[in-house]
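Beneath this line is the structure, given in structure tokens, with notes to follow.
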Amino acid sequence: MDIDVLGALAVRENGVSITPTAAKPRQVLALLALHADQVVPVSALIEELWGAEPPRSARTTLQTYVLQLRALIATALKDSDGSRTPKDVLVTLPGGYMLNSAGGTSDVREFDRLAGLGYRAMDAGDAAGAARLLREALALWSGPAFADVHGGVQLDMETRRLEETRLCALDQRIEADLKLGRHRELLAELTVLASRYRIHENLHGQFMLALHRSGRRGEALSVYQRLRATLVRELGIEPSAALRSLQRSILMTGPENPAAVPTAARKRLAQVG
């Protein structure tokens with residue numbers, strides 16, 4: 001089984017799509033696919049489909065959706081060797097259901113594997129290896145997780161969690177690129193990211209560093225002022241001590257030596273994100 005959720009939902013068994021078009025069976029498959037090879041409780045599936053006030057027929061209706069998914073799986077298995085049946089693929093277990101991937105691929109699992117290797121490379125001081133691994137991990141994303149699934153409580157929570165893991169990997173990949181002196185190459189990307197994540201302090205700090213190292217000290221300080229205004233206006237807080245320290249370092253360093261922003265300020269900033 002091949003599972004993709006980091007973008008549009010796509011689940012293939014024996015090379016054939018088993019992704020339904022109907023909204024609620026699609027939700028069921030999405031949650032099962034994310035937790036492939038693990039039992040998903042019936043209660044979690046019911047909450048996903050109907051929230052806090054499910055109908056009395058919820059369990060029966062859920063069973064109907066499972067049968068619809070198994071019908072799609074049966075079609076996908078039609079030309080297989082017969083070693084797997086629909087009930088082997090979508091398994092009923094005490095308290096819930098499990099999608100059995102039989103050792104197939106999952107973009108979430110591959111992302112977690114590559115990102116973990118990237119973090120370890122970064123910790124070991126291998127910025128080039130970290131940048132490469134994290135770039136490979138991020139390339140698995142083709143859009144927001146479950147982009148074409150109308151999610152309920154469970155999927156919305158999982159989508160937020162996955163987006164946070166993506167942001168962490170993105171933050172570390174940019175940090176690795178900065179260590180490699182790729183500040184000019186990062187400017188276009190960071191311009192978009194700072195606009196999209198208007199209160200993300202670490203991304204703004206990285207943008208400030210990239211601008212300053214590119215000889216654009218005034219623009220770097222303007223990024224700080226815009227972020228500060230946004231934080232004060234929307235959250236009633238000042239930028240973190242790490243970001244304030246970075247601003248002071250840029251002010252004191254001057255435009256003639258942009259690479260000399262103190263290491264201590266950069267390290268404190270890296271802990272913000």
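Naming scheme: A, B, ... for chains in displayed order of the structure tokens; residues 1 onward per chain; ligands 1 onward as shown.
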
Give me, as a short mmCIF file (atom, residue, chain, number, x, y, z; two decimals) with N, CA, C and O atoms, in the first residue's frame, the residues of segment 53-148 of chain A that a backbone DSSP run labels alpha helix (DSSP H).
```
data_model
loop_
_atom_site.label_atom_id
_atom_site.label_comp_id
_atom_site.auth_asym_id
_atom_site.auth_seq_id
_atom_site.Cartn_x
_atom_site.Cartn_y
_atom_site.Cartn_z
N ALA A 58 -24.69 6.23 14.52
CA ALA A 58 -23.30 6.51 14.14
C ALA A 58 -22.49 5.24 13.89
O ALA A 58 -21.80 5.12 12.87
N ARG A 59 -22.55 4.27 14.79
CA ARG A 59 -21.75 3.06 14.63
C ARG A 59 -22.17 2.27 13.38
O ARG A 59 -21.32 1.77 12.64
N THR A 60 -23.47 2.19 13.17
CA THR A 60 -23.96 1.46 12.00
C THR A 60 -23.54 2.17 10.72
O THR A 60 -23.11 1.52 9.75
N THR A 61 -23.63 3.49 10.72
CA THR A 61 -23.24 4.26 9.53
C THR A 61 -21.74 4.14 9.29
O THR A 61 -21.29 4.01 8.14
N LEU A 62 -20.94 4.16 10.36
CA LEU A 62 -19.49 3.98 10.22
C LEU A 62 -19.19 2.62 9.60
O LEU A 62 -18.32 2.51 8.71
N GLN A 63 -19.89 1.59 10.03
CA GLN A 63 -19.70 0.26 9.45
C GLN A 63 -20.01 0.26 7.96
O GLN A 63 -19.34 -0.42 7.16
N THR A 64 -21.02 1.05 7.57
CA THR A 64 -21.35 1.16 6.14
C THR A 64 -20.20 1.78 5.37
O THR A 64 -19.85 1.32 4.26
N TYR A 65 -19.57 2.82 5.94
CA TYR A 65 -18.43 3.45 5.27
C TYR A 65 -17.25 2.49 5.17
O TYR A 65 -16.54 2.47 4.15
N VAL A 66 -17.05 1.67 6.19
CA VAL A 66 -15.99 0.67 6.15
C VAL A 66 -16.26 -0.34 5.03
O VAL A 66 -15.35 -0.72 4.28
N LEU A 67 -17.50 -0.76 4.89
CA LEU A 67 -17.87 -1.68 3.81
C LEU A 67 -17.62 -1.05 2.44
O LEU A 67 -17.16 -1.72 1.50
N GLN A 68 -17.92 0.23 2.30
CA GLN A 68 -17.66 0.93 1.03
C GLN A 68 -16.17 0.96 0.72
O GLN A 68 -15.77 0.77 -0.43
N LEU A 69 -15.35 1.20 1.74
CA LEU A 69 -13.90 1.20 1.54
C LEU A 69 -13.40 -0.20 1.16
O LEU A 69 -12.55 -0.35 0.28
N ARG A 70 -13.95 -1.21 1.79
CA ARG A 70 -13.54 -2.58 1.47
C ARG A 70 -13.95 -2.96 0.06
O ARG A 70 -13.25 -3.75 -0.61
N ALA A 71 -15.05 -2.41 -0.41
CA ALA A 71 -15.45 -2.67 -1.81
C ALA A 71 -14.40 -2.08 -2.77
O ALA A 71 -14.06 -2.71 -3.78
N LEU A 72 -13.91 -0.89 -2.47
CA LEU A 72 -12.86 -0.29 -3.30
C LEU A 72 -11.57 -1.12 -3.22
O LEU A 72 -10.87 -1.30 -4.22
N ILE A 73 -11.27 -1.61 -2.02
CA ILE A 73 -10.08 -2.44 -1.84
C ILE A 73 -10.22 -3.74 -2.63
O ILE A 73 -9.25 -4.22 -3.26
N ALA A 74 -11.41 -4.32 -2.62
CA ALA A 74 -11.64 -5.56 -3.37
C ALA A 74 -11.37 -5.36 -4.86
O ALA A 74 -10.77 -6.22 -5.52
N THR A 75 -11.80 -4.22 -5.38
CA THR A 75 -11.55 -3.92 -6.80
C THR A 75 -10.05 -3.81 -7.06
O THR A 75 -9.54 -4.31 -8.06
N ALA A 76 -9.35 -3.17 -6.13
CA ALA A 76 -7.91 -2.99 -6.29
C ALA A 76 -7.17 -4.32 -6.21
O ALA A 76 -6.12 -4.50 -6.85
N PRO A 86 -9.81 -7.96 1.32
CA PRO A 86 -10.18 -6.63 1.84
C PRO A 86 -10.15 -6.55 3.36
O PRO A 86 -9.76 -5.53 3.93
N LYS A 87 -10.53 -7.66 4.03
CA LYS A 87 -10.52 -7.63 5.50
C LYS A 87 -9.11 -7.71 6.07
O LYS A 87 -8.89 -7.35 7.22
N ASP A 88 -8.15 -8.18 5.25
CA ASP A 88 -6.75 -8.15 5.67
C ASP A 88 -6.17 -6.75 5.54
O ASP A 88 -5.22 -6.39 6.24
N VAL A 89 -6.71 -5.98 4.62
CA VAL A 89 -6.20 -4.62 4.37
C VAL A 89 -6.83 -3.63 5.34
O VAL A 89 -6.13 -2.83 5.97
N ASP A 107 4.17 8.84 3.00
CA ASP A 107 4.95 10.08 2.92
C ASP A 107 5.18 10.68 4.30
O ASP A 107 6.23 11.30 4.54
N VAL A 108 4.25 10.50 5.24
CA VAL A 108 4.45 11.01 6.60
C VAL A 108 5.61 10.30 7.27
O VAL A 108 6.48 10.93 7.90
N ARG A 109 5.65 8.98 7.15
CA ARG A 109 6.75 8.23 7.77
C ARG A 109 8.10 8.61 7.14
O ARG A 109 9.10 8.75 7.86
N GLU A 110 8.12 8.78 5.83
CA GLU A 110 9.37 9.15 5.17
C GLU A 110 9.80 10.56 5.56
O GLU A 110 10.98 10.82 5.76
N PHE A 111 8.82 11.46 5.68
CA PHE A 111 9.14 12.81 6.14
C PHE A 111 9.76 12.76 7.54
O PHE A 111 10.79 13.40 7.80
N ASP A 112 9.12 12.03 8.44
CA ASP A 112 9.64 11.93 9.81
C ASP A 112 11.04 11.34 9.83
O ASP A 112 11.91 11.79 10.59
N ARG A 113 11.29 10.34 8.99
CA ARG A 113 12.62 9.70 8.94
C ARG A 113 13.67 10.68 8.46
O ARG A 113 14.73 10.85 9.09
N LEU A 114 13.39 11.36 7.34
CA LEU A 114 14.37 12.28 6.77
C LEU A 114 14.60 13.49 7.68
O LEU A 114 15.73 13.94 7.87
N ALA A 115 13.50 14.01 8.25
CA ALA A 115 13.64 15.16 9.14
C ALA A 115 14.46 14.79 10.37
O ALA A 115 15.32 15.56 10.82
N GLY A 116 14.22 13.61 10.92
CA GLY A 116 14.98 13.16 12.08
C GLY A 116 16.47 13.05 11.77
O GLY A 116 17.32 13.47 12.57
N LEU A 117 16.79 12.52 10.59
CA LEU A 117 18.19 12.44 10.17
C LEU A 117 18.78 13.84 10.01
O LEU A 117 19.94 14.09 10.35
N GLY A 118 17.97 14.75 9.49
CA GLY A 118 18.42 16.13 9.30
C GLY A 118 18.71 16.81 10.62
O GLY A 118 19.73 17.51 10.77
N TYR A 119 17.84 16.60 11.61
CA TYR A 119 18.06 17.20 12.93
C TYR A 119 19.33 16.65 13.57
O TYR A 119 20.10 17.40 14.18
N ARG A 120 19.55 15.35 13.41
CA ARG A 120 20.76 14.76 14.00
C ARG A 120 22.02 15.27 13.30
O ARG A 120 23.05 15.51 13.96
N ALA A 121 21.94 15.46 11.98
CA ALA A 121 23.08 16.03 11.26
C ALA A 121 23.37 17.45 11.73
O ALA A 121 24.52 17.85 11.91
N MET A 122 22.30 18.20 11.97
CA MET A 122 22.46 19.58 12.45
C MET A 122 23.12 19.58 13.83
O MET A 122 24.04 20.35 14.09
N ASP A 123 22.67 18.69 14.71
CA ASP A 123 23.25 18.60 16.05
C ASP A 123 24.73 18.22 16.00
O ASP A 123 25.50 18.61 16.87
N ALA A 127 26.13 20.94 8.65
CA ALA A 127 25.10 21.81 8.07
C ALA A 127 24.74 21.39 6.65
O ALA A 127 23.56 21.44 6.26
N ALA A 128 25.72 20.98 5.87
CA ALA A 128 25.45 20.58 4.48
C ALA A 128 24.55 19.35 4.44
O ALA A 128 23.58 19.28 3.66
N GLY A 129 24.85 18.35 5.28
CA GLY A 129 24.02 17.16 5.33
C GLY A 129 22.63 17.47 5.83
O GLY A 129 21.63 16.95 5.32
N ALA A 130 22.53 18.34 6.84
CA ALA A 130 21.22 18.72 7.39
C ALA A 130 20.39 19.42 6.33
O ALA A 130 19.19 19.12 6.17
N ALA A 131 21.00 20.36 5.61
CA ALA A 131 20.26 21.09 4.58
C ALA A 131 19.74 20.13 3.51
O ALA A 131 18.59 20.24 3.07
N ARG A 132 20.57 19.18 3.10
CA ARG A 132 20.16 18.22 2.06
C ARG A 132 19.02 17.34 2.54
O ARG A 132 18.01 17.17 1.83
N LEU A 133 19.15 16.78 3.73
CA LEU A 133 18.13 15.86 4.24
C LEU A 133 16.81 16.57 4.50
O LEU A 133 15.73 16.06 4.17
N LEU A 134 16.88 17.76 5.08
CA LEU A 134 15.65 18.50 5.37
C LEU A 134 14.99 18.99 4.10
O LEU A 134 13.76 19.05 4.01
N ARG A 135 15.79 19.31 3.08
CA ARG A 135 15.21 19.70 1.79
C ARG A 135 14.47 18.51 1.16
O ARG A 135 13.38 18.68 0.59
N GLU A 136 15.05 17.33 1.28
CA GLU A 136 14.38 16.13 0.77
C GLU A 136 13.07 15.87 1.52
O GLU A 136 12.05 15.50 0.92
N ALA A 137 13.11 16.06 2.84
CA ALA A 137 11.90 15.86 3.64
C ALA A 137 10.80 16.82 3.24
O ALA A 137 9.64 16.44 3.04
N LEU A 138 11.14 18.08 3.09
CA LEU A 138 10.15 19.10 2.75
C LEU A 138 9.61 18.93 1.33
O LEU A 138 8.47 19.34 1.05
#
```

What is the atom CA of Gly96 of chain A to atom CA of Glu158 of chain A distance in Å?
18.3 Å

Run DSSP on the backbone and grab whatever in segment 30-251 of chain A lands in strand (DSSP E); send it over as a list in words.
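Secondary structure check on segment 30-251 of chain A, strand (DSSP E): Val40, Pro41, Leu90, Val91, Thr92, Leu93, Gly96, Tyr97, Met98, Leu99, Thr105 and Ser106 of chain A.
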
Grab the residues selected above and save them as a compact mmCIF listing (two decimals), in the first residue's frame with all heavy atoms.
```txt
# COMPACT_ATOMS: atom_id res chain seq x y z
N VAL A 40 -7.18 2.60 15.03
CA VAL A 40 -7.87 3.88 15.22
C VAL A 40 -9.19 3.57 15.92
O VAL A 40 -10.04 2.85 15.38
CB VAL A 40 -8.13 4.60 13.88
CG1 VAL A 40 -8.89 5.90 14.12
CG2 VAL A 40 -6.81 4.87 13.16
N PRO A 41 -9.39 4.07 17.13
CA PRO A 41 -10.61 3.73 17.87
C PRO A 41 -11.88 4.17 17.15
O PRO A 41 -11.89 5.20 16.47
CB PRO A 41 -10.45 4.50 19.19
CG PRO A 41 -8.98 4.74 19.32
CD PRO A 41 -8.48 4.92 17.91
N LEU A 90 -8.16 -3.67 5.45
CA LEU A 90 -8.86 -2.82 6.42
C LEU A 90 -9.39 -3.76 7.49
O LEU A 90 -10.41 -4.41 7.33
CB LEU A 90 -10.00 -2.05 5.75
CG LEU A 90 -10.41 -0.72 6.41
CD1 LEU A 90 -11.48 -0.01 5.59
CD2 LEU A 90 -10.88 -0.88 7.83
N VAL A 91 -8.64 -3.82 8.59
CA VAL A 91 -8.84 -4.86 9.61
C VAL A 91 -9.77 -4.36 10.72
O VAL A 91 -9.60 -3.24 11.22
CB VAL A 91 -7.49 -5.27 10.22
CG1 VAL A 91 -7.66 -6.45 11.16
CG2 VAL A 91 -6.48 -5.60 9.13
N THR A 92 -10.72 -5.21 11.09
CA THR A 92 -11.55 -4.93 12.27
C THR A 92 -10.87 -5.54 13.49
O THR A 92 -10.53 -6.72 13.50
CB THR A 92 -12.94 -5.55 12.11
OG1 THR A 92 -13.57 -5.01 10.95
CG2 THR A 92 -13.81 -5.24 13.33
N LEU A 93 -10.66 -4.70 14.49
CA LEU A 93 -10.00 -5.14 15.73
C LEU A 93 -10.84 -4.67 16.92
O LEU A 93 -11.69 -3.79 16.77
CB LEU A 93 -8.59 -4.55 15.81
CG LEU A 93 -7.60 -5.11 14.79
CD1 LEU A 93 -6.36 -4.23 14.71
CD2 LEU A 93 -7.23 -6.54 15.14
N GLY A 96 -11.78 -0.86 17.36
CA GLY A 96 -11.49 0.04 16.25
C GLY A 96 -11.13 -0.67 14.96
O GLY A 96 -11.38 -1.87 14.79
N TYR A 97 -10.51 0.09 14.05
CA TYR A 97 -10.11 -0.42 12.74
C TYR A 97 -8.65 -0.06 12.50
O TYR A 97 -8.12 0.91 13.05
CB TYR A 97 -10.97 0.19 11.64
CG TYR A 97 -12.43 -0.16 11.73
CD1 TYR A 97 -13.33 0.70 12.38
CD2 TYR A 97 -12.92 -1.34 11.19
CE1 TYR A 97 -14.68 0.38 12.47
CE2 TYR A 97 -14.28 -1.66 11.28
CZ TYR A 97 -15.14 -0.80 11.92
OH TYR A 97 -16.48 -1.14 12.02
N MET A 98 -8.01 -0.87 11.62
CA MET A 98 -6.62 -0.61 11.27
C MET A 98 -6.43 -0.80 9.77
O MET A 98 -6.91 -1.79 9.20
CB MET A 98 -5.68 -1.55 12.02
CG MET A 98 -4.21 -1.31 11.72
SD MET A 98 -3.13 -2.52 12.53
CE MET A 98 -3.37 -3.96 11.47
N LEU A 99 -5.72 0.14 9.15
CA LEU A 99 -5.34 0.01 7.75
C LEU A 99 -3.97 -0.65 7.72
O LEU A 99 -2.99 -0.08 8.21
CB LEU A 99 -5.30 1.39 7.08
CG LEU A 99 -5.31 1.40 5.56
CD1 LEU A 99 -6.63 0.83 5.01
CD2 LEU A 99 -5.12 2.83 5.04
N THR A 105 4.61 2.21 1.42
CA THR A 105 5.18 3.53 1.63
C THR A 105 4.18 4.47 2.28
O THR A 105 2.97 4.33 2.12
CB THR A 105 5.65 4.15 0.30
OG1 THR A 105 4.49 4.40 -0.53
CG2 THR A 105 6.61 3.23 -0.43
N SER A 106 4.72 5.45 3.02
CA SER A 106 3.91 6.50 3.64
C SER A 106 4.72 7.78 3.60
O SER A 106 5.85 7.81 4.12
CB SER A 106 3.55 6.13 5.08
OG SER A 106 3.11 7.27 5.80
```

Contacts between segment 187-207 of chain A and segment 144-180 of chain A, please, where a residue of segment 144-180 of chain A counts if it comes within 12 Å (with only C-alpha atoms); show its shortest atom pair and distance in Å to one decimal, rows by chain and ascending number, as CSV.
```
residue,atom,partner,partner_atom,distance
A:Glu164,CA,A:His200,CA,11.7
A:Leu167,CA,A:Leu203,CA,9.6
A:Cys168,CA,A:Asn202,CA,10.3
A:Ala169,CA,A:Leu203,CA,12.0
A:Leu170,CA,A:Leu203,CA,9.3
A:Asp171,CA,A:Leu203,CA,6.9
A:Gln172,CA,A:Leu203,CA,10.1
A:Arg173,CA,A:Gln206,CA,11.1
A:Ile174,CA,A:Gln206,CA,7.6
A:Glu175,CA,A:Gln206,CA,7.4
A:Ala176,CA,A:Gln206,CA,10.8
A:Asp177,CA,A:Gln206,CA,10.3
A:Leu178,CA,A:Gln206,CA,8.0
A:Lys179,CA,A:Gln206,CA,10.9
```

Take the residues just selected and output them with all heavy atoms as an mmCIF file, in the first residue's frame.
```
data_model
loop_
_atom_site.group_PDB
_atom_site.id
_atom_site.type_symbol
_atom_site.label_atom_id
_atom_site.label_comp_id
_atom_site.auth_asym_id
_atom_site.auth_seq_id
_atom_site.Cartn_x
_atom_site.Cartn_y
_atom_site.Cartn_z
ATOM 1 N N GLU A 164 2.938 21.974 11.996
ATOM 2 C CA GLU A 164 3.988 22.372 12.942
ATOM 3 C C GLU A 164 5.269 21.593 12.685
ATOM 4 O O GLU A 164 6.371 22.153 12.763
ATOM 5 C CB GLU A 164 3.503 22.155 14.381
ATOM 6 C CG GLU A 164 4.455 22.678 15.447
ATOM 7 C CD GLU A 164 4.727 24.168 15.328
ATOM 8 O OE1 GLU A 164 3.818 24.919 14.920
ATOM 9 O OE2 GLU A 164 5.869 24.587 15.634
ATOM 10 N N LEU A 167 6.903 23.184 9.694
ATOM 11 C CA LEU A 167 7.538 24.454 10.034
ATOM 12 C C LEU A 167 8.859 24.248 10.776
ATOM 13 O O LEU A 167 9.828 24.981 10.541
ATOM 14 C CB LEU A 167 6.597 25.296 10.887
ATOM 15 C CG LEU A 167 5.690 26.289 10.147
ATOM 16 C CD1 LEU A 167 4.771 26.988 11.140
ATOM 17 C CD2 LEU A 167 6.501 27.303 9.364
ATOM 18 N N CYS A 168 8.902 23.263 11.664
ATOM 19 C CA CYS A 168 10.145 22.978 12.387
ATOM 20 C C CYS A 168 11.238 22.544 11.426
ATOM 21 O O CYS A 168 12.394 22.982 11.542
ATOM 22 C CB CYS A 168 9.905 21.888 13.431
ATOM 23 S SG CYS A 168 8.935 22.430 14.851
ATOM 24 N N ALA A 169 10.885 21.680 10.474
ATOM 25 C CA ALA A 169 11.872 21.231 9.495
ATOM 26 C C ALA A 169 12.316 22.383 8.607
ATOM 27 O O ALA A 169 13.508 22.508 8.270
ATOM 28 C CB ALA A 169 11.286 20.103 8.646
ATOM 29 N N LEU A 170 11.378 23.237 8.221
ATOM 30 C CA LEU A 170 11.703 24.393 7.388
ATOM 31 C C LEU A 170 12.640 25.343 8.131
ATOM 32 O O LEU A 170 13.638 25.835 7.576
ATOM 33 C CB LEU A 170 10.419 25.116 7.002
ATOM 34 C CG LEU A 170 10.548 26.367 6.125
ATOM 35 C CD1 LEU A 170 11.176 26.023 4.783
ATOM 36 C CD2 LEU A 170 9.184 27.013 5.923
ATOM 37 N N ASP A 171 12.350 25.593 9.392
ATOM 38 C CA ASP A 171 13.177 26.461 10.221
ATOM 39 C C ASP A 171 14.616 25.940 10.285
ATOM 40 O O ASP A 171 15.580 26.702 10.102
ATOM 41 C CB ASP A 171 12.572 26.522 11.623
ATOM 42 C CG ASP A 171 13.446 27.275 12.607
ATOM 43 O OD1 ASP A 171 13.271 28.493 12.715
ATOM 44 O OD2 ASP A 171 14.289 26.641 13.263
ATOM 45 N N GLN A 172 14.769 24.642 10.507
ATOM 46 C CA GLN A 172 16.106 24.072 10.622
ATOM 47 C C GLN A 172 16.833 24.027 9.282
ATOM 48 O O GLN A 172 18.051 24.185 9.225
ATOM 49 C CB GLN A 172 16.028 22.680 11.223
ATOM 50 C CG GLN A 172 15.775 22.680 12.719
ATOM 51 C CD GLN A 172 16.920 23.325 13.477
ATOM 52 O OE1 GLN A 172 17.993 22.757 13.610
ATOM 53 N NE2 GLN A 172 16.701 24.531 13.974
ATOM 54 N N ARG A 173 16.090 23.823 8.194
ATOM 55 C CA ARG A 173 16.729 23.836 6.879
ATOM 56 C C ARG A 173 17.260 25.225 6.539
ATOM 57 O O ARG A 173 18.361 25.383 6.017
ATOM 58 C CB ARG A 173 15.731 23.399 5.814
ATOM 59 C CG ARG A 173 16.368 22.987 4.487
ATOM 60 C CD ARG A 173 15.642 23.586 3.304
ATOM 61 N NE ARG A 173 16.009 24.958 3.092
ATOM 62 C CZ ARG A 173 15.170 25.914 2.713
ATOM 63 N NH1 ARG A 173 13.891 25.673 2.538
ATOM 64 N NH2 ARG A 173 15.596 27.141 2.536
ATOM 65 N N ILE A 174 16.480 26.258 6.879
ATOM 66 C CA ILE A 174 16.933 27.630 6.652
ATOM 67 C C ILE A 174 18.146 27.940 7.521
ATOM 68 O O ILE A 174 19.115 28.568 7.068
ATOM 69 C CB ILE A 174 15.786 28.619 6.914
ATOM 70 C CG1 ILE A 174 14.693 28.463 5.846
ATOM 71 C CG2 ILE A 174 16.299 30.058 6.920
ATOM 72 C CD1 ILE A 174 13.419 29.223 6.137
ATOM 73 N N GLU A 175 18.107 27.469 8.781
ATOM 74 C CA GLU A 175 19.250 27.677 9.680
ATOM 75 C C GLU A 175 20.505 27.021 9.102
ATOM 76 O O GLU A 175 21.600 27.600 9.149
ATOM 77 C CB GLU A 175 18.933 27.095 11.057
ATOM 78 C CG GLU A 175 19.937 27.442 12.136
ATOM 79 C CD GLU A 175 19.977 28.925 12.465
ATOM 80 O OE1 GLU A 175 18.955 29.608 12.276
ATOM 81 O OE2 GLU A 175 21.044 29.393 12.901
ATOM 82 N N ALA A 176 20.351 25.825 8.547
ATOM 83 C CA ALA A 176 21.494 25.140 7.933
ATOM 84 C C ALA A 176 22.011 25.915 6.725
ATOM 85 O O ALA A 176 23.226 26.071 6.535
ATOM 86 C CB ALA A 176 21.095 23.724 7.522
ATOM 87 N N ASP A 177 21.096 26.430 5.909
ATOM 88 C CA ASP A 177 21.504 27.210 4.737
ATOM 89 C C ASP A 177 22.221 28.488 5.144
ATOM 90 O O ASP A 177 23.184 28.920 4.494
ATOM 91 C CB ASP A 177 20.291 27.533 3.864
ATOM 92 C CG ASP A 177 19.855 26.347 3.001
ATOM 93 O OD1 ASP A 177 20.699 25.471 2.731
ATOM 94 O OD2 ASP A 177 18.684 26.306 2.608
ATOM 95 N N LEU A 178 21.774 29.123 6.233
ATOM 96 C CA LEU A 178 22.462 30.314 6.730
ATOM 97 C C LEU A 178 23.886 29.979 7.172
ATOM 98 O O LEU A 178 24.823 30.730 6.917
ATOM 99 C CB LEU A 178 21.685 30.934 7.893
ATOM 100 C CG LEU A 178 20.431 31.734 7.531
ATOM 101 C CD1 LEU A 178 19.642 32.087 8.783
ATOM 102 C CD2 LEU A 178 20.789 33.006 6.758
ATOM 103 N N LYS A 179 24.044 28.837 7.838
ATOM 104 C CA LYS A 179 25.376 28.420 8.265
ATOM 105 C C LYS A 179 26.296 28.183 7.061
ATOM 106 O O LYS A 179 27.516 28.336 7.160
ATOM 107 C CB LYS A 179 25.282 27.142 9.104
ATOM 108 C CG LYS A 179 24.706 27.347 10.494
ATOM 109 C CD LYS A 179 24.653 26.032 11.259
ATOM 110 C CE LYS A 179 24.028 26.212 12.635
ATOM 111 N NZ LYS A 179 24.868 27.030 13.527
#
```

For the atom pair atom CA of Leu31 of chain A and atom CA of Leu155 of chain A, what is the interatomic distance in Å to one decimal place?
6.7 Å
